[in-house]
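Enquirer: Contents of upload31.tsv (TSV, C-alpha atoms) are given next:
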```tsv
chain	number	residue	atom	x	y	z
A	1	MET	CA	0.00	0.00	0.00
A	2	ARG	CA	1.32	3.38	-1.02
A	3	VAL	CA	0.85	5.96	1.75
A	4	TYR	CA	0.65	9.74	1.68
A	5	ALA	CA	1.65	11.21	5.05
A	6	VAL	CA	-0.03	14.25	6.59
A	7	LEU	CA	2.04	15.81	9.36
A	8	ASP	CA	0.39	17.77	12.17
A	9	CYS	CA	1.70	21.34	12.28
A	10	GLN	CA	0.02	21.87	15.65
A	11	SER	CA	1.98	19.05	17.29
A	12	LEU	CA	5.41	20.19	16.12
A	13	ARG	CA	6.54	21.51	19.49
A	14	GLY	CA	5.91	18.24	21.25
A	15	CYS	CA	6.77	16.07	18.26
A	16	PRO	CA	9.04	17.63	15.60
A	17	PRO	CA	8.85	16.55	11.93
A	18	PRO	CA	11.49	13.78	12.07
A	19	LEU	CA	9.58	12.08	14.90
A	20	GLN	CA	6.25	12.47	13.11
A	21	HIS	CA	7.81	11.02	9.96
A	22	LEU	CA	9.19	8.13	11.99
A	23	ALA	CA	5.86	7.47	13.70
A	24	ILE	CA	3.92	7.56	10.43
A	25	ARG	CA	6.48	5.45	8.57
A	26	SER	CA	6.68	2.83	11.30
A	27	PHE	CA	2.90	2.68	11.70
A	28	SER	CA	2.40	2.44	7.93
A	29	GLU	CA	4.94	-0.36	7.63
A	30	GLN	CA	3.19	-2.34	10.36
A	31	HIS	CA	0.14	-2.29	8.12
A	32	GLY	CA	1.98	-3.16	4.93
A	33	GLY	CA	2.29	0.43	3.72
A	34	GLU	CA	5.18	2.54	2.49
A	35	VAL	CA	5.22	6.33	2.58
A	36	SER	CA	5.74	7.92	-0.82
A	37	PHE	CA	5.16	11.60	-0.09
A	38	TYR	CA	3.94	13.97	2.62
A	39	THR	CA	2.45	17.37	3.30
A	40	CYS	CA	1.93	19.72	6.23
A	41	GLU	CA	-0.36	22.71	6.76
A	42	ASP	CA	0.73	26.28	7.48
A	43	PRO	CA	-0.95	27.92	10.51
A	44	LEU	CA	-2.83	30.13	8.03
A	45	THR	CA	-4.10	27.19	5.96
A	46	LEU	CA	-5.60	25.17	8.83
A	47	PRO	CA	-7.57	23.02	8.98
A	48	TYR	CA	-7.12	21.50	5.48
A	49	GLY	CA	-6.22	24.23	2.98
A	50	VAL	CA	-3.07	22.58	1.69
A	51	LEU	CA	-4.37	19.02	1.95
A	52	GLN	CA	-7.54	19.81	0.03
A	53	ASP	CA	-5.46	21.37	-2.70
A	54	GLN	CA	-3.27	18.27	-2.87
A	55	LEU	CA	-6.07	15.68	-2.81
A	56	PRO	CA	-6.76	15.61	-6.58
A	57	THR	CA	-3.14	14.76	-7.37
A	58	ILE	CA	-2.38	12.30	-4.58
A	59	GLU	CA	-1.27	8.97	-6.01
A	60	ALA	CA	-1.61	6.71	-2.99
A	61	ASP	CA	-3.80	4.00	-1.53
A	62	GLY	CA	-3.89	5.47	1.94
A	63	LEU	CA	-3.60	8.78	3.76
A	64	CYS	CA	-1.89	8.63	7.13
A	65	PHE	CA	-2.31	11.47	9.61
A	66	PHE	CA	-0.04	11.85	12.59
A	67	THR	CA	-3.08	12.12	14.86
A	68	SER	CA	-6.85	12.06	14.52
A	69	LYS	CA	-6.87	15.45	16.27
A	70	GLN	CA	-5.98	16.89	12.87
A	71	LEU	CA	-9.62	16.22	11.98
A	72	VAL	CA	-10.96	17.91	15.08
A	73	GLN	CA	-12.17	21.49	14.94
A	74	LYS	CA	-14.78	22.05	17.62
A	75	GLU	CA	-16.06	18.56	16.87
A	76	PHE	CA	-14.56	15.65	15.00
A	77	ASP	CA	-15.03	16.32	11.28
A	78	PHE	CA	-16.82	13.13	10.17
A	79	LYS	CA	-17.88	14.79	6.94
A	80	PHE	CA	-14.28	15.32	5.85
A	81	LEU	CA	-13.28	11.86	7.06
A	82	ASP	CA	-16.04	10.32	4.92
A	83	GLU	CA	-14.89	12.41	1.96
A	84	LEU	CA	-11.41	10.92	2.37
A	85	LEU	CA	-12.69	7.40	2.99
A	86	ALA	CA	-14.54	7.49	-0.33
A	87	ARG	CA	-11.13	7.30	-2.01
A	88	TRP	CA	-8.52	6.16	0.49
A	89	ALA	CA	-7.91	4.12	3.60
A	90	VAL	CA	-7.13	6.58	6.38
A	91	GLY	CA	-4.64	5.95	9.16
A	92	PHE	CA	-3.89	7.76	12.40
A	93	ALA	CA	-0.41	6.91	13.67
A	94	ARG	CA	-0.80	8.18	17.22
A	95	GLU	CA	-4.05	6.29	17.76
A	96	ASN	CA	-2.67	3.22	15.95
A	97	VAL	CA	-5.74	2.71	13.78
A	98	TRP	CA	-6.42	2.39	10.05
A	99	VAL	CA	-9.98	2.87	8.93
A	100	THR	CA	-11.79	2.32	5.66
A	101	LYS	CA	-15.38	3.14	4.75
A	102	ASP	CA	-16.28	-0.37	5.96
A	103	ASN	CA	-14.65	-0.25	9.39
A	104	ARG	CA	-14.76	3.41	10.35
A	105	HIS	CA	-16.31	2.35	13.70
A	106	GLU	CA	-12.84	1.25	14.82
A	107	LEU	CA	-12.05	4.89	15.43
A	108	GLN	CA	-14.93	5.16	17.91
A	109	PRO	CA	-13.15	4.05	21.11
A	110	TRP	CA	-10.68	6.90	20.76
A	111	LEU	CA	-13.43	9.35	19.81
A	112	TRP	CA	-15.55	8.40	22.82
A	113	ARG	CA	-12.57	8.65	25.12
A	114	GLU	CA	-11.87	12.15	23.84
A	115	GLY	CA	-15.54	13.11	23.89
A	116	TYR	CA	-16.00	13.36	20.10
A	117	GLY	CA	-18.60	10.62	19.52
A	118	GLU	CA	-21.07	10.92	16.66
B	1	MET	CA	29.92	42.12	-2.64
B	2	HIS	CA	28.57	41.91	0.87
B	3	ASP	CA	27.06	45.40	0.68
B	4	LEU	CA	25.42	44.64	-2.63
B	5	PHE	CA	24.16	41.37	-1.19
B	6	SER	CA	22.74	43.09	1.88
B	7	GLN	CA	20.89	45.62	-0.24
B	8	GLU	CA	19.50	42.96	-2.53
B	9	TYR	CA	18.60	40.64	0.32
B	10	ALA	CA	16.81	43.38	2.26
B	11	LYS	CA	14.81	44.20	-0.86
B	12	THR	CA	13.90	40.72	-2.06
B	13	GLY	CA	14.60	38.30	0.81
B	14	TYR	CA	16.61	36.01	-1.45
B	15	MET	CA	19.61	35.93	-3.74
B	16	VAL	CA	21.36	33.47	-6.00
B	17	VAL	CA	25.07	33.26	-5.19
B	18	LYS	CA	28.01	31.25	-6.50
B	19	ALA	CA	29.92	28.85	-4.28
B	20	GLN	CA	33.28	30.12	-3.10
B	21	ASP	CA	34.88	26.69	-3.13
B	22	LEU	CA	34.30	23.20	-4.53
B	23	GLY	CA	31.87	22.16	-1.78
B	24	PRO	CA	28.88	21.52	-4.09
B	25	TRP	CA	31.09	19.41	-6.37
B	26	GLU	CA	32.33	17.33	-3.44
B	27	LEU	CA	28.80	16.94	-2.14
B	28	ARG	CA	27.54	15.88	-5.56
B	29	GLU	CA	30.34	13.37	-6.05
B	30	ASN	CA	29.55	11.80	-2.70
B	31	LEU	CA	25.83	11.75	-3.44
B	32	HIS	CA	26.52	10.15	-6.80
B	33	ALA	CA	28.76	7.44	-5.33
B	34	ILE	CA	26.28	6.55	-2.59
B	35	CYS	CA	23.38	6.61	-5.03
B	36	CYS	CA	25.14	4.19	-7.37
B	37	GLU	CA	25.75	1.84	-4.47
B	38	LYS	CA	22.13	2.07	-3.32
B	39	LEU	CA	20.74	1.57	-6.80
B	40	ASN	CA	22.60	-1.66	-7.14
B	41	GLU	CA	21.22	-2.75	-3.77
B	42	ILE	CA	17.65	-1.94	-4.66
B	43	ASN	CA	17.43	-3.92	-7.86
B	44	GLU	CA	20.18	-5.63	-9.79
B	45	THR	CA	18.23	-5.13	-12.99
B	46	HIS	CA	18.47	-1.36	-12.79
B	47	GLU	CA	20.80	0.23	-15.25
B	48	ARG	CA	24.41	0.02	-14.14
B	49	VAL	CA	25.79	3.49	-13.81
B	50	PRO	CA	28.77	4.13	-16.02
B	51	VAL	CA	31.78	5.87	-14.57
B	52	TYR	CA	31.78	9.37	-15.96
B	53	VAL	CA	34.53	11.87	-15.62
B	54	GLY	CA	33.91	15.57	-15.81
B	55	ARG	CA	31.21	18.04	-14.96
B	56	THR	CA	29.04	17.66	-18.03
B	57	ALA	CA	28.85	13.90	-17.78
B	58	ARG	CA	28.00	14.01	-14.09
B	59	THR	CA	25.33	16.64	-14.69
B	60	SER	CA	23.96	14.38	-17.37
B	61	TRP	CA	23.79	11.48	-14.89
B	62	PHE	CA	21.64	13.57	-12.53
B	63	ASP	CA	19.58	15.02	-15.42
B	64	ASN	CA	18.75	11.56	-16.74
B	65	PHE	CA	18.14	9.85	-13.41
B	66	HIS	CA	14.42	9.33	-14.18
B	67	ARG	CA	15.31	6.87	-16.94
B	68	ARG	CA	15.80	4.24	-14.23
B	69	GLY	CA	12.05	4.31	-13.66
B	70	LEU	CA	12.08	4.53	-9.87
B	71	GLN	CA	8.72	5.71	-8.53
B	72	GLY	CA	6.73	6.19	-5.32
B	73	PRO	CA	7.93	4.39	-2.17
B	74	GLU	CA	11.02	2.97	-3.87
B	75	LEU	CA	12.16	6.45	-4.91
B	76	ASN	CA	11.27	7.85	-1.49
B	77	LYS	CA	13.29	5.15	0.28
B	78	LEU	CA	16.30	5.93	-1.88
B	79	ARG	CA	15.85	9.64	-1.15
B	80	LEU	CA	15.69	9.03	2.62
B	81	ASP	CA	18.75	6.76	2.49
B	82	LEU	CA	20.70	9.41	0.59
B	83	GLN	CA	19.61	12.11	3.03
B	84	GLU	CA	20.82	10.03	5.92
B	85	ALA	CA	24.11	9.26	4.20
B	86	VAL	CA	25.07	12.86	3.46
B	87	ARG	CA	23.44	14.71	6.34
B	88	HIS	CA	26.66	15.18	8.31
B	89	GLN	CA	28.41	16.59	5.26
B	90	VAL	CA	25.75	19.01	4.07
B	91	GLY	CA	25.71	21.73	6.76
B	92	PRO	CA	29.47	22.27	7.16
B	93	THR	CA	30.03	22.02	3.39
B	94	LEU	CA	27.40	24.56	2.44
B	95	PHE	CA	28.39	26.90	5.26
B	96	ALA	CA	31.98	26.90	3.97
B	97	SER	CA	30.96	27.24	0.31
B	98	PHE	CA	28.55	30.12	0.84
B	99	PRO	CA	30.17	32.54	3.33
B	100	ILE	CA	27.24	34.87	2.91
B	101	ILE	CA	25.28	32.62	5.28
B	102	GLU	CA	27.52	33.66	8.15
B	103	ARG	CA	27.00	37.30	7.26
B	104	LEU	CA	23.25	36.79	7.49
B	105	VAL	CA	22.98	34.73	10.67
B	106	GLY	CA	26.08	35.89	12.57
B	107	PRO	CA	29.05	34.05	14.06
B	108	ASP	CA	27.05	31.74	16.36
B	109	VAL	CA	25.43	29.29	13.97
B	110	VAL	CA	23.12	26.32	14.25
B	111	HIS	CA	21.94	24.26	11.30
B	112	GLN	CA	19.33	21.56	10.91
B	113	ARG	CA	20.31	18.07	12.06
B	114	GLY	CA	19.09	16.37	8.94
B	115	CYS	CA	19.03	17.64	5.41
B	116	ASN	CA	16.35	17.63	2.74
B	117	LEU	CA	16.92	16.12	-0.64
B	118	VAL	CA	14.35	16.57	-3.38
B	119	ILE	CA	14.33	14.38	-6.48
B	120	ALA	CA	11.69	15.72	-8.86
B	121	GLN	CA	11.34	13.62	-11.97
B	122	PRO	CA	9.66	14.92	-15.15
B	123	GLY	CA	5.88	15.02	-14.85
B	124	ASP	CA	5.81	13.92	-11.19
B	125	SER	CA	2.65	15.41	-9.68
B	126	GLU	CA	3.72	14.71	-6.09
B	127	ARG	CA	5.38	17.93	-5.07
B	128	ALA	CA	5.53	20.38	-2.20
B	129	PRO	CA	2.53	22.72	-2.14
B	130	THR	CA	2.81	26.50	-2.39
B	131	HIS	CA	4.11	27.37	1.06
B	132	ARG	CA	6.52	29.26	3.29
B	133	ASP	CA	8.82	27.52	5.76
B	134	ALA	CA	8.33	30.00	8.63
B	135	PRO	CA	6.50	30.47	10.98
B	136	LEU	CA	6.54	26.69	11.52
B	137	ASN	CA	10.28	27.04	11.12
B	138	SER	CA	11.88	30.03	12.78
B	139	ASN	CA	11.46	33.44	11.16
B	140	PHE	CA	15.18	33.87	11.84
B	141	GLU	CA	16.27	31.10	9.48
B	142	VAL	CA	17.80	31.21	6.05
B	143	VAL	CA	17.36	28.33	3.65
B	144	CYS	CA	20.23	27.29	1.42
B	145	TRP	CA	18.68	25.76	-1.72
B	146	VAL	CA	21.42	24.02	-3.68
B	147	PRO	CA	20.73	22.21	-6.94
B	148	MET	CA	22.88	19.25	-7.94
B	149	ASN	CA	22.20	20.01	-11.61
B	150	ASP	CA	21.28	23.19	-13.47
B	151	CYS	CA	17.80	24.42	-12.52
B	152	HIS	CA	15.65	26.70	-14.65
B	153	GLY	CA	12.01	27.06	-15.71
B	154	THR	CA	9.73	24.31	-14.39
B	155	LYS	CA	12.80	22.31	-13.35
B	156	SER	CA	13.40	25.03	-10.77
B	157	MET	CA	11.48	26.67	-7.92
B	158	ARG	CA	9.16	29.66	-8.13
B	159	MET	CA	10.06	32.32	-5.56
B	160	LEU	CA	8.11	35.37	-4.39
B	161	ASN	CA	10.01	38.38	-3.09
B	162	LEU	CA	9.21	40.14	0.18
B	163	ASP	CA	6.55	42.48	-1.25
B	164	GLU	CA	4.88	39.67	-3.19
B	165	THR	CA	4.94	37.46	-0.10
B	166	ARG	CA	3.09	40.13	1.89
B	167	VAL	CA	0.43	40.34	-0.82
B	168	ALA	CA	0.18	36.54	-1.02
B	169	LEU	CA	-0.39	36.21	2.72
B	170	ALA	CA	-3.07	38.91	2.60
B	171	VAL	CA	-4.76	36.96	-0.21
B	172	LEU	CA	-4.51	33.76	1.86
B	173	LYS	CA	-6.16	35.41	4.87
B	174	ASP	CA	-8.89	37.13	2.86
B	175	GLN	CA	-9.64	34.72	0.04
B	176	GLY	CA	-8.29	31.30	1.07
B	177	TYR	CA	-5.72	28.82	-0.17
B	178	ALA	CA	-6.88	28.47	-3.79
B	179	ALA	CA	-6.62	32.22	-4.47
B	180	TYR	CA	-3.27	32.36	-2.64
B	181	LYS	CA	-1.96	29.53	-4.76
B	182	ASP	CA	-3.20	31.15	-7.98
B	183	TYR	CA	-1.47	34.38	-7.06
B	184	ALA	CA	1.79	32.71	-6.01
B	185	ASP	CA	1.96	30.25	-8.89
B	186	CYS	CA	0.72	32.41	-11.75
B	187	GLU	CA	0.75	36.14	-11.01
B	188	ALA	CA	3.76	36.75	-8.80
B	189	GLY	CA	7.30	35.49	-8.40
B	190	VAL	CA	9.93	34.24	-10.77
B	191	ALA	CA	11.25	30.83	-11.73
B	192	LEU	CA	14.75	30.84	-10.29
B	193	GLU	CA	17.72	30.30	-12.57
B	194	VAL	CA	20.21	28.45	-10.40
B	195	PRO	CA	23.09	26.74	-12.17
B	196	PHE	CA	24.93	23.90	-10.47
B	197	GLY	CA	27.64	25.41	-8.27
B	198	SER	CA	25.32	28.17	-7.07
B	199	ALA	CA	22.65	28.36	-4.40
B	200	CYS	CA	19.56	30.38	-3.66
B	201	ILE	CA	19.82	31.70	-0.12
B	202	PHE	CA	16.36	32.77	1.01
B	203	TRP	CA	14.51	33.92	4.09
B	204	ALA	CA	12.34	31.14	5.52
B	205	GLY	CA	9.26	33.38	5.52
B	206	LEU	CA	9.17	33.79	1.72
B	207	VAL	CA	6.35	32.09	-0.15
B	208	HIS	CA	7.60	29.68	-2.78
B	209	SER	CA	6.30	26.84	-4.87
B	210	VAL	CA	7.53	24.01	-7.01
B	211	PRO	CA	5.86	23.55	-10.38
B	212	ILE	CA	5.43	20.15	-11.99
B	213	ASN	CA	8.73	19.50	-13.70
B	214	GLN	CA	7.80	19.76	-17.38
B	215	THR	CA	11.34	19.43	-18.69
B	216	ASN	CA	12.87	16.11	-19.70
B	217	GLN	CA	15.43	16.28	-16.89
B	218	THR	CA	15.25	15.30	-13.22
B	219	ARG	CA	15.68	18.05	-10.65
B	220	TRP	CA	18.02	17.23	-7.75
B	221	VAL	CA	18.10	19.77	-4.93
B	222	ILE	CA	19.42	19.81	-1.39
B	223	ASN	CA	17.91	22.37	0.95
B	224	HIS	CA	19.32	23.13	4.36
B	225	ARG	CA	18.52	25.63	7.09
B	226	PHE	CA	20.80	27.86	9.16
B	227	LYS	CA	20.07	30.32	11.95
B	228	SER	CA	21.71	32.12	14.83
B	229	PHE	CA	22.32	30.06	17.94
B	230	TRP	CA	20.60	32.84	19.90
B	231	ALA	CA	17.56	33.55	17.75
B	232	PRO	CA	14.10	32.06	18.49
B	233	TYR	CA	13.77	28.46	17.30
B	234	GLY	CA	10.24	28.24	15.83
B	235	ALA	CA	7.67	25.51	16.35
B	236	LYS	CA	10.11	22.73	15.46
B	237	GLY	CA	12.14	23.55	18.55
B	238	SER	CA	15.86	23.50	19.30
B	239	GLY	CA	16.04	19.73	18.78
B	240	TYR	CA	15.67	20.32	15.05
B	241	PHE	CA	19.09	22.00	15.04
B	242	THR	CA	22.65	21.27	15.99
B	243	THR	CA	25.45	23.74	16.65
B	244	LEU	CA	27.79	24.41	13.74
B	245	GLN	CA	30.04	27.05	15.21
B	246	THR	CA	30.23	29.49	18.12
B	247	SER	CA	32.28	32.65	18.46
B	248	PRO	CA	35.17	32.80	20.95
B	249	LEU	CA	33.15	35.20	23.09
B	250	THR	CA	30.14	32.89	23.15
B	251	ARG	CA	32.35	29.98	24.19
B	252	LEU	CA	33.86	32.05	26.98
B	253	GLY	CA	30.42	33.11	28.13
B	254	LEU	CA	28.98	29.62	28.07
B	255	GLU	CA	31.97	28.07	29.82
B	256	ALA	CA	32.26	30.74	32.56
B	257	THR	CA	31.54	29.56	36.07
```
What is this file in structure tokens?
Expert:
Amino acid sequence: MRVYAVLDCQSLRGCPPPLQHLAIRSFSEQHGGEVSFYTCEDPLTLPYGVLQDQLPTIEADGLCFFTSKQLVQKEFDFKFLDELLARWAVGFARENVWVTKDNRHELQPWLWREGYGE
Amino acid sequence: MHDLFSQEYAKTGYMVVKAQDLGPWELRENLHAICCEKLNEINETHERVPVYVGRTARTSWFDNFHRRGLQGPELNKLRLDLQEAVRHQVGPTLFASFPIIERLVGPDVVHQRGCNLVIAQPGDSERAPTHRDAPLNSNFEVVCWVPMNDCHGTKSMRMLNLDETRVALAVLKDQGYAAYKDYADCEAGVALEVPFGSACIFWAGLVHSVPINQTNQTRWVINHRFKSFWAPYGAKGSGYFTTLQTSPLTRLGLEAT
């Protein structure tokens, strides 16, 4: 599986880019994936300005975020997740979970724990 | 030269300068040797690299790299391996080859621990988006962008100057990423002309973008960041950097009891 990595610009202080790359690469490899490219937002393009621009040209089977918090604004953005799941498997390295449109419920334990249930 | 550079840099935020020694050549030779070794490791069926002598032949090797047909994860793995192999050489080499860096950041210098190598093959749509390095990186950084072969047109990078960057950021705030990208990619900026043996030294806050390489040559570029030991470190923190040199006074001050 070819993986496109999405670093979290809001976690950089606690986890700088080399560590995020390492986490995403290691997590992807555990699930049979290999990272081919990556992107990262600018503070002015949050939440998904850069990523949305890149989506049409991404040649990958999966998108791997550093953390599912990248999809949290006030609430977890299920609409955007579903948009992504229509085309890719989506992974979250920090939460150690890959989801597809068929098993998106596997993200629920983390979401409930964090108070972001549907 | 330094005064001219300062004036130009203050006006534009970037400048293309020639190396003052053979550092880029040494770096490229090393990169080439390691790459040949790695290519043979990856797949014995890949084209064996002939031993070239001379600048033109070596440039040709880098220009024609895409003919090996490496793509996606395989290309990325090679890129990461090469980055790791040359990372200790890159900072000191570039700092020595481009003395203007010291003039910009001062005598107490840190540089990034790793280095970034970009291999952009013709037509590859996976590329860095229109962006600026700071504020996620420090606003006190300079980026040394050093091609390993001649870069021009879509084989190069598109750079906005300080005034254009200010406009671009206003567009981003007011109209969103698509309008910002249109402005930065189409209306403003220039495609840098950077021959091998030169570098573009630019302020990390400048907006820049990389077009799809529409030439028939592969772009090879190393980019590396330098800043003052004492200046703020940005969101990536001090762990992103390692010390390159300190002034005698700084050493006295730090060692005083």
Enquirer: Using all atoms listed in the file, which of A:Gln30, A:Ser11, A:Gln52, A:Thr39 sits nearest Gly176 in chain B?
Expert: A:Gln52
Enquirer: Can you tell me, as an mmCIF file with C-alpha atoms, keeping the file's coordinate frame, what residues are no more than 10 Å from range 93-110 of chain A when counting only C-alpha atoms, ignoring any on the same chain fewer than 6 positions away?
Expert:
```cif
data_model
loop_
_atom_site.group_PDB
_atom_site.id
_atom_site.type_symbol
_atom_site.label_atom_id
_atom_site.label_comp_id
_atom_site.auth_asym_id
_atom_site.auth_seq_id
_atom_site.Cartn_x
_atom_site.Cartn_y
_atom_site.Cartn_z
ATOM 1 C CA ALA A 5 1.650 11.210 5.050
ATOM 2 C CA GLN A 20 6.250 12.470 13.110
ATOM 3 C CA HIS A 21 7.810 11.020 9.960
ATOM 4 C CA LEU A 22 9.190 8.130 11.990
ATOM 5 C CA ALA A 23 5.860 7.470 13.700
ATOM 6 C CA ILE A 24 3.920 7.560 10.430
ATOM 7 C CA ARG A 25 6.480 5.450 8.570
ATOM 8 C CA SER A 26 6.680 2.830 11.300
ATOM 9 C CA PHE A 27 2.900 2.680 11.700
ATOM 10 C CA SER A 28 2.400 2.440 7.930
ATOM 11 C CA GLN A 30 3.190 -2.340 10.360
ATOM 12 C CA HIS A 31 0.140 -2.290 8.120
ATOM 13 C CA GLY A 62 -3.890 5.470 1.940
ATOM 14 C CA LEU A 63 -3.600 8.780 3.760
ATOM 15 C CA CYS A 64 -1.890 8.630 7.130
ATOM 16 C CA PHE A 65 -2.310 11.470 9.610
ATOM 17 C CA PHE A 66 -0.040 11.850 12.590
ATOM 18 C CA THR A 67 -3.080 12.120 14.860
ATOM 19 C CA SER A 68 -6.850 12.060 14.520
ATOM 20 C CA LYS A 69 -6.870 15.450 16.270
ATOM 21 C CA PHE A 78 -16.820 13.130 10.170
ATOM 22 C CA LEU A 81 -13.280 11.860 7.060
ATOM 23 C CA ASP A 82 -16.040 10.320 4.920
ATOM 24 C CA GLU A 83 -14.890 12.410 1.960
ATOM 25 C CA LEU A 84 -11.410 10.920 2.370
ATOM 26 C CA LEU A 85 -12.690 7.400 2.990
ATOM 27 C CA ALA A 86 -14.540 7.490 -0.330
ATOM 28 C CA ARG A 87 -11.130 7.300 -2.010
ATOM 29 C CA TYR A 116 -16.000 13.360 20.100
ATOM 30 C CA GLY A 117 -18.600 10.620 19.520
ATOM 31 C CA GLU A 118 -21.070 10.920 16.660
#
```
Enquirer: Considering all atoms listed in the file, extract the chain B residues located within 9 Å of chain A and return them as a ChimeraX atom specification.
Expert: /B:71-77,114,125-136,169,172-173,176-178,234-237,239-240
Enquirer: Write to file, as a compact mmCIF listing (two decimals), in the frame of the given file, the residues of the selection just made, with C-alpha atoms.
Expert:
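out.txt written:
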```
# COMPACT_ATOMS: atom_id res chain seq x y z
CA GLN B 71 8.72 5.71 -8.53
CA GLY B 72 6.73 6.19 -5.32
CA PRO B 73 7.93 4.39 -2.17
CA GLU B 74 11.02 2.97 -3.87
CA LEU B 75 12.16 6.45 -4.91
CA ASN B 76 11.27 7.85 -1.49
CA LYS B 77 13.29 5.15 0.28
CA GLY B 114 19.09 16.37 8.94
CA SER B 125 2.65 15.41 -9.68
CA GLU B 126 3.72 14.71 -6.09
CA ARG B 127 5.38 17.93 -5.07
CA ALA B 128 5.53 20.38 -2.20
CA PRO B 129 2.53 22.72 -2.14
CA THR B 130 2.81 26.50 -2.39
CA HIS B 131 4.11 27.37 1.06
CA ARG B 132 6.52 29.26 3.29
CA ASP B 133 8.82 27.52 5.76
CA ALA B 134 8.33 30.00 8.63
CA PRO B 135 6.50 30.47 10.98
CA LEU B 136 6.54 26.69 11.52
CA LEU B 169 -0.39 36.21 2.72
CA LEU B 172 -4.51 33.76 1.86
CA LYS B 173 -6.16 35.41 4.87
CA GLY B 176 -8.29 31.30 1.07
CA TYR B 177 -5.72 28.82 -0.17
CA ALA B 178 -6.88 28.47 -3.79
CA GLY B 234 10.24 28.24 15.83
CA ALA B 235 7.67 25.51 16.35
CA LYS B 236 10.11 22.73 15.46
CA GLY B 237 12.14 23.55 18.55
CA GLY B 239 16.04 19.73 18.78
CA TYR B 240 15.67 20.32 15.05
```
Enquirer: Find the distance between CA of Asn40 in chain B and CA of Val221 in chain B and write it in Å to one decimal.
Expert: 22.0 Å
Enquirer: In terms of the shortest atom-to-atom distance over all atoms listed in the file, which of B:Leu31, B:Leu192, B:Val110, B:Ala120 is closest to Thr215 in chain B?
Expert: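 Nearest candidate to Thr215 in chain B out of B:Leu31, B:Leu192, B:Val110, B:Ala120: B:Ala120.
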Enquirer: Within 10 Å of (11.5, 25.6, 0.0), in the coordinates the file gives, what residues turn up when you count all atoms listed in the file, written out as a short mmCIF file (atom, residue, chain, number, x, y, z; two decimals) with C-alpha atoms, keeping the file's coordinate frame?
Expert:
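Result written to part-v9.cif:
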```cif
data_model
loop_
_atom_site.label_atom_id
_atom_site.label_comp_id
_atom_site.auth_asym_id
_atom_site.auth_seq_id
_atom_site.Cartn_x
_atom_site.Cartn_y
_atom_site.Cartn_z
CA ASN B 116 16.35 17.63 2.74
CA ALA B 128 5.53 20.38 -2.20
CA PRO B 129 2.53 22.72 -2.14
CA THR B 130 2.81 26.50 -2.39
CA HIS B 131 4.11 27.37 1.06
CA ARG B 132 6.52 29.26 3.29
CA ASP B 133 8.82 27.52 5.76
CA VAL B 143 17.36 28.33 3.65
CA CYS B 144 20.23 27.29 1.42
CA TRP B 145 18.68 25.76 -1.72
CA MET B 157 11.48 26.67 -7.92
CA ARG B 158 9.16 29.66 -8.13
CA MET B 159 10.06 32.32 -5.56
CA PHE B 202 16.36 32.77 1.01
CA TRP B 203 14.51 33.92 4.09
CA ALA B 204 12.34 31.14 5.52
CA GLY B 205 9.26 33.38 5.52
CA LEU B 206 9.17 33.79 1.72
CA VAL B 207 6.35 32.09 -0.15
CA HIS B 208 7.60 29.68 -2.78
CA SER B 209 6.30 26.84 -4.87
CA VAL B 210 7.53 24.01 -7.01
CA ILE B 222 19.42 19.81 -1.39
CA ASN B 223 17.91 22.37 0.95
CA HIS B 224 19.32 23.13 4.36
CA ARG B 225 18.52 25.63 7.09
#
```
Enquirer: Between CA of Phe98 in chain B and CA of Gln20 in chain B, what is the spacing in Å?
Expert: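 It comes out at 6.2 Å.
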Enquirer: Quick check, in Å to one decimal: how far apart do CA of Leu249 in chain B and CA of Ser228 in chain B lie?
Expert: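 Taking CA of Leu249 in chain B as the start and CA of Ser228 in chain B as the end point, the length is 14.4 Å.
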Enquirer: Missing atoms in range 11-18 of chain A should be modelled up to N, CA and C atoms and reported as a PDB file, keeping the file's coordinate frame.
Expert:
```pdb
ATOM      1  N   SER A  11       1.285  19.907  16.321  1.00  0.00           N
ATOM      2  CA  SER A  11       1.980  19.050  17.290  1.00  0.00           C
ATOM      3  C   SER A  11       3.497  19.196  17.209  1.00  0.00           C
ATOM      4  N   LEU A  12       3.970  20.154  16.402  1.00  0.00           N
ATOM      5  CA  LEU A  12       5.410  20.190  16.120  1.00  0.00           C
ATOM      6  C   LEU A  12       6.264  20.447  17.360  1.00  0.00           C
ATOM      7  N   ARG A  13       5.742  21.233  18.305  1.00  0.00           N
ATOM      8  CA  ARG A  13       6.540  21.510  19.490  1.00  0.00           C
ATOM      9  C   ARG A  13       6.797  20.244  20.307  1.00  0.00           C
ATOM     10  N   GLY A  14       5.757  19.473  20.484  1.00  0.00           N
ATOM     11  CA  GLY A  14       5.910  18.240  21.250  1.00  0.00           C
ATOM     12  C   GLY A  14       6.516  17.118  20.425  1.00  0.00           C
ATOM     13  N   CYS A  15       6.303  17.153  19.125  1.00  0.00           N
ATOM     14  CA  CYS A  15       6.770  16.070  18.260  1.00  0.00           C
ATOM     15  C   CYS A  15       7.233  16.654  16.920  1.00  0.00           C
ATOM     16  N   PRO A  16       8.525  16.981  16.809  1.00  0.00           N
ATOM     17  CA  PRO A  16       9.040  17.630  15.600  1.00  0.00           C
ATOM     18  C   PRO A  16       8.932  16.718  14.372  1.00  0.00           C
ATOM     19  N   PRO A  17       9.083  17.290  13.176  1.00  0.00           N
ATOM     20  CA  PRO A  17       8.850  16.550  11.930  1.00  0.00           C
ATOM     21  C   PRO A  17       9.574  15.200  11.840  1.00  0.00           C
ATOM     22  N   PRO A  18      10.858  15.104  12.213  1.00  0.00           N
ATOM     23  CA  PRO A  18      11.490  13.780  12.070  1.00  0.00           C
ATOM     24  C   PRO A  18      10.783  12.702  12.884  1.00  0.00           C
TER      25      PRO A  18
END
```
